[in-house]
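Shown below: protein_3.cif, with mmCIF, C-alpha atoms and all ligand atoms.
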data_input
#
loop_
_atom_site.label_atom_id
_atom_site.label_comp_id
_atom_site.auth_asym_id
_atom_site.auth_seq_id
_atom_site.Cartn_x
_atom_site.Cartn_y
_atom_site.Cartn_z
CA MET Y 60 41.15 164.34 -185.59
CA SER Y 61 44.70 165.68 -185.25
CA PHE Y 62 45.78 169.33 -185.20
CA LEU Y 63 49.30 168.45 -186.40
CA SER Y 64 50.49 171.40 -188.53
CA HIS Y 65 54.20 170.94 -189.35
CA LEU Y 66 57.58 169.72 -188.12
CA GLU Y 67 60.24 172.02 -186.70
CA CYS Y 68 63.90 171.36 -185.99
CA GLY Y 69 64.61 171.45 -182.25
CA LEU Y 70 67.92 173.26 -182.85
CA CYS Y 71 67.86 175.39 -186.04
CA GLY Y 72 64.08 175.86 -186.20
CA LYS Y 73 63.75 175.01 -189.91
CA GLU Y 74 60.23 173.78 -190.74
CA GLN Y 75 59.21 170.71 -192.74
CA ASP Y 76 56.04 169.23 -194.22
CA ALA Y 77 54.64 166.86 -191.60
CA ASP Y 78 52.97 164.64 -194.17
CA LYS Y 79 56.25 163.40 -195.61
CA VAL Y 80 58.48 160.74 -194.05
CA TRP Y 81 61.43 162.32 -192.18
CA ASN Y 82 64.29 161.25 -189.99
CA LEU Y 83 66.57 164.06 -188.67
CA CYS Y 84 66.53 167.71 -189.79
CA PRO Y 85 68.08 167.77 -193.27
CA GLU Y 86 69.87 171.07 -192.43
CA CYS Y 87 71.59 170.32 -189.12
CA SER Y 88 70.94 166.61 -188.35
CA LYS Y 89 69.11 167.33 -185.08
CA PRO Y 90 65.66 166.04 -184.01
CA LEU Y 91 62.50 167.28 -185.74
CA LEU Y 92 59.62 168.07 -183.38
CA ALA Y 93 55.90 167.90 -184.22
CA ARG Y 94 54.01 171.20 -183.98
CA TYR Y 95 50.25 171.63 -183.74
CA ASP Y 96 47.74 174.37 -184.45
CA VAL Y 97 47.17 174.81 -180.73
CA LYS Y 98 44.88 177.85 -181.16
CA ALA Y 99 42.45 175.83 -183.25
CA ALA Y 100 42.81 172.82 -180.94
CA ALA Y 101 42.07 174.93 -177.85
CA LYS Y 102 38.69 175.93 -179.34
CA VAL Y 103 37.41 172.34 -179.52
CA PHE Y 104 39.65 170.30 -177.21
CA ASP Y 105 38.53 171.08 -173.69
CA LYS Y 106 40.01 168.97 -170.91
CA GLY Y 107 36.47 168.28 -169.72
CA LYS Y 108 36.08 166.15 -172.87
CA LEU Y 109 38.56 163.58 -171.59
CA ALA Y 110 36.33 162.01 -168.96
CA GLY Y 111 34.38 159.70 -171.27
CA ARG Y 112 37.32 158.57 -173.39
CA GLU Y 113 39.05 155.18 -173.57
CA PRO Y 114 41.80 154.65 -170.94
CA ASN Y 115 44.74 154.66 -173.36
CA LEU Y 116 47.01 157.34 -174.77
CA TRP Y 117 44.83 157.96 -177.82
CA ARG Y 118 42.50 159.92 -175.53
CA TYR Y 119 44.72 162.93 -176.40
CA HIS Y 120 44.42 162.34 -180.16
CA GLU Y 121 43.84 166.01 -181.04
CA MET Y 122 47.43 166.67 -179.93
CA LEU Y 123 48.88 163.50 -181.48
CA PRO Y 124 50.20 163.13 -185.03
CA VAL Y 125 48.05 160.34 -186.50
CA ARG Y 126 45.39 162.00 -188.67
CA ASP Y 127 43.08 159.11 -189.51
CA ALA Y 128 41.80 156.89 -186.67
CA LYS Y 129 42.09 153.77 -188.82
CA TYR Y 130 45.89 153.99 -188.57
CA ARG Y 131 45.96 154.09 -184.76
CA ILE Y 132 47.46 150.79 -183.67
CA CYS Y 133 46.27 150.24 -180.14
CA LEU Y 134 47.41 147.41 -177.86
CA GLY Y 135 46.22 149.20 -174.73
CA GLU Y 136 49.22 151.52 -174.24
CA GLY Y 137 49.19 154.38 -171.77
CA TYR Y 138 46.91 155.58 -169.01
CA THR Y 139 48.95 153.65 -166.47
CA PRO Y 140 48.14 154.24 -162.81
CA ILE Y 141 49.79 156.74 -160.48
CA MET Y 142 49.92 155.30 -156.99
CA HIS Y 143 50.38 157.13 -153.74
CA ALA Y 144 53.36 155.19 -152.34
CA GLU Y 145 52.39 155.45 -148.70
CA ARG Y 146 54.36 152.53 -147.25
CA LEU Y 147 57.48 153.44 -149.21
CA GLY Y 148 57.00 157.12 -148.33
CA ALA Y 149 56.81 156.27 -144.63
CA GLU Y 150 60.07 154.32 -144.91
CA VAL Y 151 62.00 157.02 -146.79
CA GLY Y 152 60.45 159.96 -144.98
CA LEU Y 153 58.17 161.73 -147.45
CA GLU Y 154 54.41 161.69 -147.27
CA GLY Y 155 53.90 162.98 -150.81
CA LEU Y 156 55.66 160.19 -152.71
CA TYR Y 157 53.99 158.79 -155.85
CA ILE Y 158 54.89 156.16 -158.44
CA LYS Y 159 53.64 155.95 -162.02
CA ASP Y 160 53.90 152.33 -163.10
CA GLU Y 161 54.83 152.11 -166.77
CA GLY Y 162 55.53 148.38 -166.41
CA LEU Y 163 51.83 147.82 -167.11
CA ASN Y 164 52.17 148.89 -170.76
CA PRO Y 165 52.12 146.38 -173.65
CA THR Y 166 55.55 144.65 -173.81
CA THR Y 167 55.98 145.78 -170.16
CA SER Y 168 57.67 149.13 -170.61
CA PHE Y 169 56.88 152.73 -171.53
CA LYS Y 170 58.63 152.11 -174.85
CA ALA Y 171 55.17 151.00 -176.04
CA ARG Y 172 54.05 154.64 -176.02
CA GLY Y 173 56.78 155.93 -178.31
CA LEU Y 174 56.95 152.97 -180.63
CA GLY Y 175 53.17 152.64 -180.83
CA MET Y 176 52.99 156.25 -182.00
CA ALA Y 177 55.98 156.10 -184.37
CA VAL Y 178 54.82 152.87 -186.01
CA SER Y 179 51.22 154.12 -186.31
CA ARG Y 180 52.33 157.34 -188.01
CA ALA Y 181 54.77 155.47 -190.29
CA TYR Y 182 51.90 153.13 -191.21
CA GLU Y 183 49.74 156.12 -192.06
CA LEU Y 184 52.53 157.56 -194.24
CA GLY Y 185 52.85 154.30 -196.18
CA VAL Y 186 56.03 152.82 -194.66
CA LYS Y 187 56.27 149.03 -195.09
CA GLU Y 188 59.47 148.05 -193.23
CA VAL Y 189 60.84 149.43 -189.97
CA SER Y 190 64.17 149.01 -188.24
CA ILE Y 191 65.57 149.91 -184.82
CA PRO Y 192 68.73 149.67 -182.70
CA SER Y 193 67.78 148.95 -179.10
CA ALA Y 194 69.07 148.08 -175.64
CA GLY Y 195 66.06 145.75 -175.41
CA ASN Y 196 62.70 147.29 -174.54
CA ALA Y 197 62.41 149.47 -177.65
CA ALA Y 198 62.98 146.46 -179.89
CA GLY Y 199 60.19 144.48 -178.24
CA ALA Y 200 57.79 147.40 -178.43
CA MET Y 201 58.55 148.12 -182.08
CA SER Y 202 58.18 144.43 -182.96
CA ALA Y 203 54.73 144.35 -181.34
CA TYR Y 204 53.35 147.40 -183.14
CA ALA Y 205 54.93 146.46 -186.46
CA ALA Y 206 53.31 143.01 -186.19
CA ALA Y 207 49.93 144.58 -185.41
CA ALA Y 208 50.29 146.89 -188.44
CA GLY Y 209 51.40 144.08 -190.74
CA MET Y 210 54.84 145.63 -191.22
CA LYS Y 211 58.19 143.85 -191.34
CA ALA Y 212 60.43 144.61 -188.31
CA TYR Y 213 64.25 144.47 -188.11
CA VAL Y 214 65.85 144.85 -184.68
CA PHE Y 215 69.51 145.29 -183.70
CA MET Y 216 70.55 144.63 -180.09
CA PRO Y 217 73.88 144.21 -178.26
CA GLN Y 218 74.75 140.50 -178.12
CA ASP Y 219 74.87 140.55 -174.29
CA VAL Y 220 71.23 141.66 -174.04
CA PRO Y 221 69.29 139.37 -171.62
CA ARG Y 222 67.47 136.43 -173.28
CA PRO Y 223 63.88 137.56 -172.60
CA PHE Y 224 64.39 140.63 -174.80
CA ILE Y 225 65.47 138.41 -177.71
CA SER Y 226 62.70 135.85 -177.22
CA GLU Y 227 60.09 138.60 -177.13
CA CYS Y 228 61.17 140.06 -180.49
CA LYS Y 229 61.31 136.62 -182.10
CA ALA Y 230 57.85 135.70 -180.82
CA LEU Y 231 56.56 138.95 -182.27
CA GLY Y 232 57.87 138.06 -185.71
CA ALA Y 233 60.84 140.44 -185.94
CA GLU Y 234 64.16 139.65 -187.60
CA VAL Y 235 66.76 139.89 -184.81
CA THR Y 236 70.42 140.82 -185.38
CA LEU Y 237 72.79 140.68 -182.40
CA ILE Y 238 75.81 143.01 -182.53
CA ASP Y 239 79.14 142.71 -180.73
CA GLY Y 240 79.06 146.20 -179.18
CA LEU Y 241 76.88 148.84 -177.54
CA ILE Y 242 73.62 150.44 -178.66
CA THR Y 243 75.60 153.07 -180.57
CA ASP Y 244 77.21 150.25 -182.63
CA CYS Y 245 73.74 148.75 -183.17
CA GLY Y 246 72.64 152.19 -184.38
CA LYS Y 247 75.38 152.25 -187.01
CA ALA Y 248 74.52 148.78 -188.31
CA ALA Y 249 70.78 149.51 -188.35
CA ALA Y 250 71.24 152.82 -190.18
CA GLU Y 251 73.52 151.31 -192.84
CA LEU Y 252 71.11 148.48 -193.66
CA ALA Y 253 68.07 150.76 -193.47
CA LYS Y 254 69.61 152.93 -196.15
CA LYS Y 255 70.61 149.98 -198.29
CA TYR Y 256 67.20 148.25 -198.15
CA ASN Y 257 64.97 151.31 -197.80
CA ARG Y 258 63.72 150.50 -194.28
CA PHE Y 259 62.48 153.30 -192.05
CA ASP Y 260 64.86 153.84 -189.09
CA ILE Y 261 62.98 154.47 -185.82
CA SER Y 262 66.04 155.22 -183.60
CA THR Y 263 65.47 157.41 -180.52
CA LEU Y 264 64.73 161.00 -181.59
CA LYS Y 265 65.87 160.26 -185.15
CA GLU Y 266 62.27 160.42 -186.32
CA PRO Y 267 59.70 162.92 -185.00
CA TYR Y 268 56.98 160.74 -183.47
CA ARG Y 269 58.36 158.52 -180.68
CA ILE Y 270 58.54 161.62 -178.54
CA GLU Y 271 54.87 162.32 -179.37
CA GLY Y 272 53.94 158.98 -177.83
CA LYS Y 273 56.16 159.55 -174.81
CA LYS Y 274 54.78 163.04 -174.19
CA THR Y 275 51.44 161.48 -173.26
CA MET Y 276 53.07 160.65 -169.90
CA GLY Y 277 53.06 164.41 -169.27
CA TYR Y 278 49.39 164.74 -170.23
CA GLU Y 279 48.54 161.82 -167.95
CA VAL Y 280 50.47 163.19 -164.98
CA ALA Y 281 48.44 166.41 -165.24
CA GLU Y 282 45.10 164.69 -165.79
CA GLN Y 283 45.60 162.01 -163.14
CA MET Y 284 46.88 164.49 -160.54
CA ASP Y 285 43.87 166.71 -161.13
CA TRP Y 286 45.73 169.35 -163.20
CA GLU Y 287 48.21 170.11 -160.43
CA LEU Y 288 51.67 168.95 -161.42
CA PRO Y 289 53.95 167.48 -158.73
CA ASP Y 290 56.91 169.51 -157.37
CA VAL Y 291 59.47 167.01 -158.62
CA ILE Y 292 59.52 164.31 -161.33
CA ILE Y 293 62.35 161.76 -161.19
CA TYR Y 294 62.96 160.02 -164.49
CA PRO Y 295 65.57 157.41 -165.55
CA THR Y 296 67.12 158.92 -168.65
CA GLY Y 297 68.75 157.10 -171.55
CA GLY Y 298 68.01 158.67 -174.93
CA GLY Y 299 65.77 161.16 -173.21
CA THR Y 300 62.50 160.89 -175.15
CA GLY Y 301 60.48 160.67 -171.96
CA MET Y 302 62.12 163.69 -170.37
CA VAL Y 303 61.91 165.78 -173.54
CA GLY Y 304 58.40 164.53 -174.30
CA MET Y 305 56.98 165.43 -170.89
CA TRP Y 306 58.56 168.86 -171.06
CA LYS Y 307 56.92 169.40 -174.47
CA ALA Y 308 53.56 168.18 -173.11
CA PHE Y 309 53.62 170.75 -170.29
CA ALA Y 310 54.20 173.60 -172.77
CA GLU Y 311 51.38 172.32 -175.00
CA MET Y 312 48.97 172.02 -172.09
CA GLU Y 313 49.78 175.57 -170.99
CA ALA Y 314 49.10 176.79 -174.55
CA LEU Y 315 45.79 174.87 -174.49
CA GLY Y 316 44.92 176.69 -171.27
CA TRP Y 317 44.83 173.45 -169.27
CA ILE Y 318 47.59 174.26 -166.77
CA GLY Y 319 49.45 177.36 -165.57
CA ALA Y 320 53.11 178.29 -165.84
CA GLU Y 321 54.30 176.23 -162.85
CA ARG Y 322 56.47 173.25 -163.72
CA PRO Y 323 57.88 170.33 -161.77
CA ARG Y 324 61.65 170.31 -161.19
CA MET Y 325 62.77 167.61 -163.60
CA VAL Y 326 65.37 165.10 -162.41
CA THR Y 327 67.42 162.92 -164.74
CA VAL Y 328 68.85 159.81 -163.12
CA GLN Y 329 71.59 157.76 -164.78
CA SER Y 330 73.97 155.02 -163.67
CA THR Y 331 77.50 155.86 -162.48
CA GLY Y 332 78.59 153.38 -165.20
CA CYS Y 333 77.08 155.54 -167.96
CA ALA Y 334 76.24 159.12 -167.04
CA PRO Y 335 76.84 161.41 -170.03
CA MET Y 336 73.87 163.67 -169.20
CA VAL Y 337 74.92 164.04 -165.55
CA ARG Y 338 78.42 165.05 -166.65
CA ALA Y 339 77.12 167.57 -169.21
CA PHE Y 340 74.69 169.01 -166.68
CA GLU Y 341 77.45 169.44 -164.10
CA GLN Y 342 79.83 170.97 -166.64
CA GLY Y 343 77.12 173.35 -167.84
CA THR Y 344 77.45 172.42 -171.51
CA GLU Y 345 74.67 172.37 -174.12
CA PHE Y 346 75.73 169.06 -175.68
CA ALA Y 347 77.02 165.87 -174.00
CA GLU Y 348 80.31 164.15 -174.82
CA PRO Y 349 79.88 160.40 -175.52
CA TRP Y 350 80.54 158.19 -172.46
CA GLU Y 351 83.45 155.75 -172.85
CA GLY Y 352 83.03 152.12 -171.71
CA ALA Y 353 79.36 152.37 -170.76
CA LYS Y 354 78.41 149.65 -168.29
CA THR Y 355 75.28 149.19 -166.15
CA VAL Y 356 72.70 146.49 -165.39
CA ALA Y 357 69.97 149.00 -166.25
CA ASP Y 358 69.94 148.34 -170.01
CA GLY Y 359 67.68 151.32 -170.75
CA LEU Y 360 70.34 153.63 -169.26
CA ARG Y 361 73.24 152.13 -171.19
CA VAL Y 362 73.11 154.91 -173.78
CA PRO Y 363 76.54 156.55 -174.20
CA ALA Y 364 75.39 159.32 -176.55
CA ALA Y 365 71.99 160.91 -177.24
CA VAL Y 366 71.11 162.99 -180.31
CA GLY Y 367 68.59 164.92 -178.18
CA ASP Y 368 71.14 165.81 -175.45
CA PHE Y 369 70.56 169.57 -175.82
CA LEU Y 370 66.80 169.08 -175.40
CA ILE Y 371 67.36 167.10 -172.18
CA MET Y 372 69.66 169.87 -170.87
CA ARG Y 373 67.01 172.48 -171.72
CA ALA Y 374 64.30 170.65 -169.76
CA LEU Y 375 66.60 170.18 -166.76
CA ARG Y 376 67.80 173.80 -166.68
CA GLU Y 377 64.51 175.53 -167.50
CA SER Y 378 62.79 173.53 -164.76
CA ASN Y 379 65.48 174.19 -162.11
CA GLY Y 380 66.02 170.46 -162.14
CA ILE Y 381 69.11 168.37 -161.63
CA ALA Y 382 70.90 165.27 -162.94
CA VAL Y 383 72.23 162.58 -160.60
CA ALA Y 384 74.08 159.30 -161.00
CA VAL Y 385 73.52 156.22 -158.83
CA SER Y 386 75.49 152.97 -158.69
CA ASP Y 387 74.13 149.63 -159.87
CA ASP Y 388 74.04 148.42 -156.23
CA GLU Y 389 71.99 151.45 -155.25
CA LEU Y 390 69.53 151.08 -158.08
CA MET Y 391 69.00 147.37 -157.40
CA ALA Y 392 68.48 148.18 -153.70
CA GLY Y 393 65.93 150.77 -154.84
CA ALA Y 394 64.09 148.20 -156.96
CA ASN Y 395 63.94 145.79 -154.01
CA LYS Y 396 62.71 148.48 -151.66
CA ILE Y 397 59.89 149.46 -154.03
CA GLY Y 398 58.98 145.78 -154.42
CA ARG Y 399 58.98 145.03 -150.70
CA THR Y 400 56.96 148.11 -149.71
CA GLN Y 401 54.61 148.69 -152.64
CA GLY Y 402 54.15 145.29 -154.28
CA LEU Y 403 55.59 146.41 -157.62
CA PHE Y 404 58.20 144.30 -159.43
CA VAL Y 405 60.07 147.16 -161.09
CA ALA Y 406 62.88 147.32 -163.63
CA PRO Y 407 66.37 148.36 -162.43
CA GLU Y 408 65.70 151.73 -164.14
CA GLY Y 409 62.67 152.20 -161.89
CA GLY Y 410 64.82 151.32 -158.87
CA ALA Y 411 67.22 154.07 -159.93
CA THR Y 412 64.55 156.73 -159.38
CA LEU Y 413 64.25 155.75 -155.72
CA ALA Y 414 68.05 155.73 -155.29
CA ALA Y 415 68.13 159.24 -156.79
CA PHE Y 416 65.29 160.32 -154.52
CA GLU Y 417 67.17 159.14 -151.44
CA GLN Y 418 70.32 160.99 -152.54
CA LEU Y 419 68.40 164.24 -153.17
CA ARG Y 420 66.41 163.94 -149.95
CA LYS Y 421 69.63 163.54 -147.96
CA GLN Y 422 71.07 166.66 -149.60
CA GLY Y 423 67.93 168.63 -148.74
CA TRP Y 424 67.16 169.20 -152.44
CA ILE Y 425 63.76 167.60 -151.82
CA GLN Y 426 61.97 169.09 -148.83
CA ASP Y 427 59.21 168.09 -146.42
CA GLY Y 428 55.75 168.64 -147.82
CA GLU Y 429 56.77 168.34 -151.47
CA LYS Y 430 55.03 166.06 -153.96
CA VAL Y 431 57.47 163.78 -155.76
CA LEU Y 432 56.64 161.45 -158.64
CA LEU Y 433 58.91 158.51 -159.48
CA PHE Y 434 58.66 156.94 -162.93
CA ASN Y 435 58.96 153.19 -162.98
CA THR Y 436 59.61 152.87 -166.70
CA GLY Y 437 59.33 149.09 -166.97
CA SER Y 438 58.54 145.81 -165.28
CA GLY Y 439 61.27 143.70 -163.67
CA HIS Y 440 60.26 140.55 -165.54
CA LYS Y 441 62.66 140.85 -168.49
CA TYR Y 442 65.54 141.54 -166.04
CA GLU Y 443 64.76 138.46 -164.01
CA HIS Y 444 68.47 137.39 -164.20
CA MET Y 445 69.30 140.28 -161.85
CA TRP Y 446 67.61 138.56 -158.95
CA LYS Y 447 69.40 135.18 -159.29
C1 LIG B 501 64.53 153.04 -172.72
C2 LIG B 501 64.36 152.96 -171.28
C3 LIG B 501 64.70 154.04 -170.44
C4 LIG B 501 65.29 155.32 -170.98
O1 LIG B 501 64.29 156.07 -171.62
P1 LIG B 501 64.54 157.33 -172.55
O2 LIG B 501 63.20 157.91 -172.75
O3 LIG B 501 65.19 156.82 -173.79
O4 LIG B 501 65.44 158.25 -171.82
C5 LIG B 501 64.44 153.92 -169.09
N1 LIG B 501 63.89 152.80 -168.57
C6 LIG B 501 63.56 151.74 -169.33
C7 LIG B 501 62.97 150.53 -168.68
C8 LIG B 501 63.78 151.78 -170.72
O5 LIG B 501 63.43 150.73 -171.47
#

Structure re-expressed in structure tokens:
Amino acid sequence: MSFLSHLECGLCGKEQDADKVWNLCPECSKPLLARYDVKAAAKVFDKGKLAGREPNLWRYHEMLPVRDAKYRICLGEGYTPIMHAERLGAEVGLEGLYIKDEGLNPTTSFKARGLGMAVSRAYELGVKEVSIPSAGNAAGAMSAYAAAAGMKAYVFMPQDVPRPFISECKALGAEVTLIDGLITDCGKAAAELAKKYNRFDISTLKEPYRIEGKKTMGYEVAEQMDWELPDVIIYPTGGGTGMVGMWKAFAEMEALGWIGAERPRMVTVQSTGCAPMVRAFEQGTEFAEPWEGAKTVADGLRVPAAVGDFLIMRALRESNGIAVAVSDDELMAGANKIGRTQGLFVAPEGGATLAAFEQLRKQGWIQDGEKVLLFNTGSGHKYEHMWK
């Protein structure tokens, strides 16, 4: 069962009934966050219970929003391995280097977590048609879960998105619209048509449940590292659901009594061709100005504006973290280095985490003896054109 109690706006705090379909907060147009009756959950949900459960993200179902198990659409998402990257660590000079490989998720990226959760909850609430603007991976993931739920899927991607992203959505039965523009332009088109045809819009942080799927990465990091969080987590940030989700998971686990007050220093990595969060972090602002002329080979990072910007900034600042930008050459070199040393064919976004690591190590921001976890958010297969 689920201990979901209500929704709460991440900015103004206004509460909403969780059993109705919502997009943004109706008061201030900021993201709604799911809240749980953690006191009641703590009485029955002991971390010792996890051992016998299925190796997918539904193992944390008490702290997930789907109430009735028959609406959980499971394609095997989550519970991806964390590997001790010994050969890579030896090369870059840190013994305690780890990689969590999200490329092993259904549709080969961690987008499966968020979209699996959002589509499952929409299914439970009676939604029949879903729509999404996407740089690529989110569209594929939504198409897969919509197909498995018997829902109609509409996806909107930039017209220069690599072919494999388009083929994947088509094979999964989605209706694909290609837009001459960036993801923000896709967002406008998707929202307009969603309103006109009464489709549910599952844009990043514009509905409450993608982040609930993504937060399971935080639960897994704690469980898989034996309830001792690493010193540093490096995460390639676009819309920020992963960053915000993990930060939420740590707070929930502390409230459940599973972990203490210590937190990893959270690192956002973006591309120098699109770094709105890095700029906002450096300028010390709460919100991020949209990035003009966004351009990077890491499609997941080509996000010029994020509605959850203030939540990303909160996680970075409260954790004593940092935001860094790396060039496309550096992130591709990072991907190749991870491949050559660890046997993982990672997405450019995954390569970016190593490039950020090397930058921070050089500056002394990461020290000897620390435990550092890199998030490879997707497999390299859909970006195969990058290696031609
Ligand atoms: C979407 C995506 C990202 C960015 O994730 P957010 O949680 O939106 O910040 C990073 N890497 C890959 C491979 C992606 O598909």

Protein and nucleic residues near ligand LIG 501 (chain B), 9 Å, all atoms listed in the file, as a VMD selection string: chain Y and resid 161 to 162 167 to 170 173 193 to 197 263 to 264 270 273 294 to 304 327 357 to 362 365 405 to 409 434 to 439

Work out how far atom CA of Met312 of chain Y is from atom CA of Ala144 of chain Y, in Å to one decimal.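 Between these atoms lies a distance of 26.3 Å.
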
Pick from Y:Tyr268, Y:Phe340, Y:Tyr278, Y:Tyr130, whichever lies nearest to Ala208 of chain Y using only C-alpha atoms: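 Closest to Ala208 of chain Y of all the choices is Y:Tyr130.
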
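Atom CA of Leu241 of chain Y sits 26.4 Å away from atom CA of Phe404 of chain Y.
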
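One finds atom CA of Tyr95 of chain Y at 29.1 Å from atom CA of Ala253 of chain Y.
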
What lies within 12 Å of Thr275 of chain Y using only C-alpha atoms, ignoring chain neighbours under 3 positions off, as number ranges by chain? Y: 115-124, 136-139, 161, 169-173, 175-176, 268-272, 278-283, 300-309, 311-312

So that I can see what lies close to Gln342 of chain Y, please list as a PyMOL selection string the residues with an atom at most 12 Å from it, counting all atoms listed in the file and leaving out residues fewer than 6 positions away in the same chain. chain Y and resi 335-336+348+372+382

Can you pull out the residues contacting Ala101 of chain Y? Cut-off 10 Å, using all atoms listed in the file, and skip same-chain residues under 5 positions away; I want them as a PyMOL selection string. chain Y and resi 62+96+106+121+312+314-317

Export of prior selection with C-alpha atoms as a PDB file, keeping the file's coordinate frame:
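Produced file selection_15.pdb, reproduced below:
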ATOM      1  CA  PHE Y  62      45.780 169.330-185.200  1.00  0.00           C
ATOM      2  CA  ASP Y  96      47.740 174.370-184.450  1.00  0.00           C
ATOM      3  CA  LYS Y 106      40.010 168.970-170.910  1.00  0.00           C
ATOM      4  CA  GLU Y 121      43.840 166.010-181.040  1.00  0.00           C
ATOM      5  CA  MET Y 312      48.970 172.020-172.090  1.00  0.00           C
ATOM      6  CA  ALA Y 314      49.100 176.790-174.550  1.00  0.00           C
ATOM      7  CA  LEU Y 315      45.790 174.870-174.490  1.00  0.00           C
ATOM      8  CA  GLY Y 316      44.920 176.690-171.270  1.00  0.00           C
ATOM      9  CA  TRP Y 317      44.830 173.450-169.270  1.00  0.00           C
TER      10      TRP Y 317
END

Selection: 12 Å around Tyr157 of chain Y, all atoms listed in the file, excl. self and same-chain fewer than 6 positions, as JSON, numbers by chain: {"Y": [140, 141, 142, 143, 144, 145, 146, 147, 148, 149, 280, 283, 284, 288, 289, 290, 291, 292, 293, 397, 401, 412, 413, 416, 429, 430, 431, 432, 433, 434, 435]}

Measuring atom to atom with all atoms listed in the file, identify which of Y:Phe215, Y:Phe369, Y:Trp424, Y:Phe346 is nearest to Val326 of chain Y. Y:Trp424

Shortest interatomic distance to Trp81 of chain Y - which of Y:Ile158, Y:Val366, Y:Leu237, Y:Leu184, counting all atoms listed in the file: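 So, comparing all the options, the nearest one is Y:Leu184.
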
Which neighbours of Gly246 of chain Y fall inside 9 Å, counting all atoms listed in the file, when residues of the same chain fewer than 2 positions from it are skipped, and could you give them as a list in words? Ile191, Pro192, Ser193, Phe215, Met216, Leu241, Ile242, Thr243, Asp244, Ala248, Ala249, Ala250, Glu251 and Ser262 of chain Y

Restricting it to C-alpha atoms, dump the selection as a compact mmCIF listing (two decimals), in the frame of the given file.
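Here's the written file part07.txt:
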# COMPACT_ATOMS: atom_id res chain seq x y z
CA ILE Y 191 65.57 149.91 -184.82
CA PRO Y 192 68.73 149.67 -182.70
CA SER Y 193 67.78 148.95 -179.10
CA PHE Y 215 69.51 145.29 -183.70
CA MET Y 216 70.55 144.63 -180.09
CA LEU Y 241 76.88 148.84 -177.54
CA ILE Y 242 73.62 150.44 -178.66
CA THR Y 243 75.60 153.07 -180.57
CA ASP Y 244 77.21 150.25 -182.63
CA ALA Y 248 74.52 148.78 -188.31
CA ALA Y 249 70.78 149.51 -188.35
CA ALA Y 250 71.24 152.82 -190.18
CA GLU Y 251 73.52 151.31 -192.84
CA SER Y 262 66.04 155.22 -183.60

Which centre and which edge lengths, in Å to one decimal, describe the axis-aligned box that holds all listed atoms of segment 342-360 of chain Y after 4 Å is added on each side, as AutoDock Vina command-line options?
--center_x 75.6 --center_y 159.9 --center_z -170.5 --size_x 23.8 --size_y 34.9 --size_z 18.3

Please determine, counting only C-alpha atoms, which residue among Y:Leu252, Y:Asn395, Y:Leu403, Y:Pro90 has the shortest atom-to-atom distance to Trp446 of chain Y. Y:Asn395

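Among the candidate residues Y:Asp127, Y:Ala414, Y:Cys71, Y:Ala353, the one lying nearest to Tyr182 of chain Y is Y:Asp127, with distances computed using all atoms listed in the file.
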
Closest of Y:Ala394, Y:Val383, Y:Ala200, Y:Ala374 to Phe224 of chain Y - atom-to-atom distances counting all atoms listed in the file: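 That would be Y:Ala200, the residue with the smallest distance to Phe224 of chain Y.
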